[in-house]
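S.K.: One structure coming up, written as structure tokens, with questions to follow.
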There are 2 protein chains.
Amino acid sequence: MNGLLTDLYQLTMAAGYFEAGKSDEIATFEMFVRRLPQGRHYLVAAGLPQAVEYLETLQFRADEVAWLRSLPQFSRVPREFWSYLLKFRFTGSLAAAAEGTAMHAKEPLLVVRAPLIEAQLVETYLLSMIGFQTLIATKAAHLLEVADGRPIVEFGSRRAHGPQAGLYAARAAYIGGCVGTSNVMAGYQYGIPLFGTSAHSWVLAFDSEREAFRKLQDLLGDRCAYLVDTYDSLEGTRKAASLGKPIWGVRLDSGNIVSLAKGARKILDEAGLRHAKIMATNELDEVRIREILAAGAPVDVFGVGTALATSSDSPALGAVYKLVEIEVDGVSRYPSKKSEEKATLAGAKQVFRYSGFDVLGRMNEEPTADGDYVRVLKPVMANGRRIAPLPSIEEARAHAQLDRPRPGAWVDLSAELLKIQP
Amino acid sequence: MNGLLTDLYQLTMAAGYFEAGKSDEIATFEMFVRRLPQGRHYLVAAGLPQAVEYLETLQFRADEVAWLRSLPQFSRVPREFWSYLLKFRFTGSLAAAAEGTAMHAKEPLLVVRAPLIEAQLVETYLLSMIGFQTLIATKAAHLLEVADGRPIVEFGSRRAHGPQAGLYAARAAYIGGCVGTSNVMAGYQYGIPLFGTSAHSWVLAFDSEREAFRKLQDLLGDRCAYLVDTYDSLEGTRKAASLGKPIWGVRLDSGNIVSLAKGARKILDEAGLRHAKIMATNELDEVRIREILAAGAPVDVFGVGTALATSSDSPALGAVYKLVEIEVDGVSRYPSKKSEEKATLAGAKQVFRYSGFDVLGRMNEEPTADGDYVRVLKPVMANGRRIAPLPSIEEARAHAQLDRPRPGAWVDLSAELLKIQP
């Protein structure tokens with residue numbers, strides 16, 4: 001089914017390239033963002049394993065091809081194209097920034113080099129998959145910057161853009177630095193730690209809040225987090241505290257989190273439950289978390305839903321996928337769209353990462369700046385197959401924590417670009 | 001796999017309800033929004049067939065249950081619960097607003113009545129699926145309100161929150177009134193008309209723009225839409241016009257759409273191509289479309305991507321799913337969370353739609369207002385199975401066009417609620 005997860009114009013162009021005898025031309029496309037989304041000062045790359053899986057399995061089923069042939073748009077397309085499509089596989093190469101890598105505007109997140117039709121067809125899926133996971137990993141990292149060392153749990157599956165978006169949001173948020181998620185499938189598929197104990201309906205389903213809490217304690221022991229705001233948050237905290245150990249803590253989900261957290265802390269401490277944690281939830285984002293912490297609220301853990309799983313203040317990454325080179329019979333051409341962009345570097349680019357700044361250069365060149373550097377874009381696929389196993393999600397998460405730039409620590413790349421222009 | 005597409009706390013509560021002997025209690029949950037998203041004055045319900053399919057097929061595989069048992073959260077859960085989960089099926093009933101129905105804040109989009117565990121477990125998926133599609137159908141309808149009769153095509157797959165979100169965004173946008181989408185899978189699965197002909201890379205892949213245009217014309221005939229802004233939009237339009245018929249039109253994707261559309265219209269008209277259309281794209285939203293039309297730009301069709309497929313100005317619906325009734329041995333209880341909400345109607349509600357206003361009443365009551373009305377929530381499933389075929393996507397789209405309320409034509413439901421409170 002993968003083949004149809006694309007925009008129609010990728011298929012009309014594919015048919016047109018085929019007709020025009022361009023099947024053998026080798027194209028290079030780069031994915032990048034022209035500018036960072038509002039409120040972000042870097043990106044955290046994510047989504048690569050899903051992109052690679054797509055490229056490795058992409059094909060068109062016979063019934064899908066038969067349906068495509070029936071579309072009025074394709075009435076003039078010759079039969080040879082449909083035979084081609086039935087045998088279609090991605091045979092190209094892919095270089096990409098590893099998951100968890102901090103990235104800046106204009107830096108390629110990935111570079112695809114493949115026969116023109118193949119490289120074109122995969123655009124929509126790659127932009128959507130890498131774009132979304134990078135968007136959410138980036139949001140998680142920015143949320144964590146204001147959380148001042150407190151852990152954040154991703155709770156946004158219900159507000160994500162469908163069930164699959166919920167799963168990938170959980171995955172990307174974990175790479176971006178969250179400690180876990182409520183999404184059970186994300187635990188099953190990716191081994192991400194799972195959080196969550198009960199909703200208001202749990203309390204409402206019992207005759208008393210106290211009974212509901214006791215049943216939860218019986219079930220969960222020292223993992224028991226009581227949701228205390230069904231009737232009155234402090235009264236609820238008192239009931240939870242009166243049950244004593246075992247307890248993980250309480251969750252505050254409404255009202256003035258600052259004063260309630262202080263009150264709840266006092267109640268728990270006085271009951272000898274100094275190790276019991278306070279989790280805050282309810283429409284949290286960077287602004288709210290900063291306010292809560294600035295006011296000295298003793299919140300130990302934040303649960304963030306909508307703002308994280310939809311990146312609600314900037315809900316799209318705006319990544320683009322641009323043709324930067326076409327090779328015909330061994331001769332390369334470097335197309336460029338508009339005159340003002342001709343000042344940019346021609347062809348596929350590499351990000352050379354020095355200590356504290358990046359230099360954007362040609363993929364196969366050595367950069368001119370002094371000092372040690374690493375090549376950020378690494379070969380991932382060749383001849384349509386992955387070259388080596390990808391880093392695990394834990395490695396990606398660890399990489400994101402190490403690679404996180406300080407605000408202002410990056411040079412303006414547009415200046416560098418001109419400097420090293422050939 | 002469906003069973004794991006949920007929040008962990010749904011499963012801890014399920015285990016807890018099971019342990020507490022609450023498996024036979026019958027719960028009723030309602031899904032609604034407390035307030036409309038910013039910038040929206042009504043909702044367009046969407047996503048019901050996918051929700052029903054989920055409820056009909058929901059189950060847990062043996063390997064999934066074995067994995068759940070291994071989680072530390074479930075160490076105290078008795079073996080009987082896992083046997084229960086292996087046989088789990090949704091056996092309840094569902095009432096819902098038909099797709100395409102205009103809905104207001106506080107009005108239930110759907111009502112689930114089922115054994116407590118079942119009704120609880122399905123919350124996350126229902127919120128995510130109905131919430132997202134309703135969000136996008138609503139956005140499409142609001143975009144169309146400002147398009148003054150011009151058609152809008154959904155072009156946002158690349159910016160959607162993953163490939164599945166792109167597919168459902170296309171589906172929902174069509175229900176909300178769009179004429180079609182670029183998403184090929186949406187054409188294949190749902191029969192939605194497909195649009196899109198070529199990208200900038202098409203032009204760049206040929207030696208000249210003129211050659212690229214001629215090849216496209218050869219391929220697409222009178223469906224040929226030339227993307228004219230690769231180098232210079234008006235020069236591109238002249239090249240397109242010089243090729244004469246057949247032509248569908250031109251697409252403007254950058255620059256000052258107003259002046260370019262006027263210029264392009266003149267060029268096309270002077271070439272005798274009065275029927276050739278002008279499509280505008282490039283980060284359009286309600287504000288831009290209103291500006292373009294207010295300036296008298298002769299744009300015939302709009303293509304909207306990011307703003308539509310992510311509902312970027314309000315990227316979450318904020319729907320909730322609330323327990324409103326529990327029945328034990330034939331006796332009903334009406335839980336309510338907080339004192340200030342006790343003034344709302346107890347139990348499951350029905351939306352009685354009169355001409356020009358709605359009344360919210362108990363599900364099985366007759367409303368007190370004079371005049372003819374329809375019951376907006378209709379029975380969809382009983383005993384875990386659908387009662388009758390759901391309306392087709394074309395019927396849903398037609399319903400959305402008829403049911404679209406004028407701004408201000410709705411009464412404040414909070415007042416009505418109190419008026420008819422029992």
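Chain labels A, B, ... are given in the sequence in which chains occur in the structure tokens; within each chain residues are numbered consecutively from 1, and ligands are likewise numbered from 1 in the order shown.
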What's around Ala398 of chain A at 12 Å? Count only C-alpha atoms, leave out sequence neighbours fewer than 6 positions away in its own chain, and write the answer as number ranges by chain.

M.R.: A: 44, 98-102, 174-179, 391-392, 404

S.K.: Would you pick out the contacts of segment 47-56 of chain A at 8 Å or less, using only C-alpha atoms, so that residues sharing its chain but fewer than 4 positions from it are not included, and give the list as a PyMOL selection string?

M.R.: chain A and resi 2+89-90+96+98-99+122+125-126+129-134+172+381+384-386+390

S.K.: Among segment 49-104 of chain A, which residues does DSSP mark as strand (DSSP E) when it is run on the backbone? Keep the chain and numbering as in the structure and answer as JSON, numbers by chain.

M.R.: {"A": [93, 94, 95, 96, 97, 102, 103]}

S.K.: Just C-alpha atoms for this one: save the residues we selected as an mmCIF file, in the first residue's frame.

M.R.:
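Result file is again.cif:
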data_model
loop_
_atom_site.group_PDB
_atom_site.id
_atom_site.type_symbol
_atom_site.label_atom_id
_atom_site.label_comp_id
_atom_site.auth_asym_id
_atom_site.auth_seq_id
_atom_site.Cartn_x
_atom_site.Cartn_y
_atom_site.Cartn_z
ATOM 1 C CA SER A 93 21.111 5.847 -1.559
ATOM 2 C CA LEU A 94 20.313 7.859 1.543
ATOM 3 C CA ALA A 95 22.528 9.949 3.783
ATOM 4 C CA ALA A 96 20.976 11.441 6.887
ATOM 5 C CA ALA A 97 21.597 13.054 10.225
ATOM 6 C CA ALA A 102 20.636 18.953 16.749
ATOM 7 C CA MET A 103 20.063 20.639 13.397
#

S.K.: Could you check which of B:Leu293, B:Ala241, B:Gly149, B:Phe302 is closest to Arg274 of chain B, using only C-alpha atoms?

M.R.: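 Ranked by minimum distance to Arg274 of chain B, first place goes to B:Ala241.
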
S.K.: So which residues touch Phe155 of chain B within 9 Å, counting only C-alpha atoms, skipping near sequence neighbours fewer than 5 positions away, as a PyMOL selection string?

M.R.: (chain A and resi 7) or (chain B and resi 170+180-183+195-196+281+303-306+308-309)

S.K.: Out of segment 218-422 of chain A, which residues get helix (DSSP H, G or I) from DSSP, as a count of residues only?

M.R.: 66
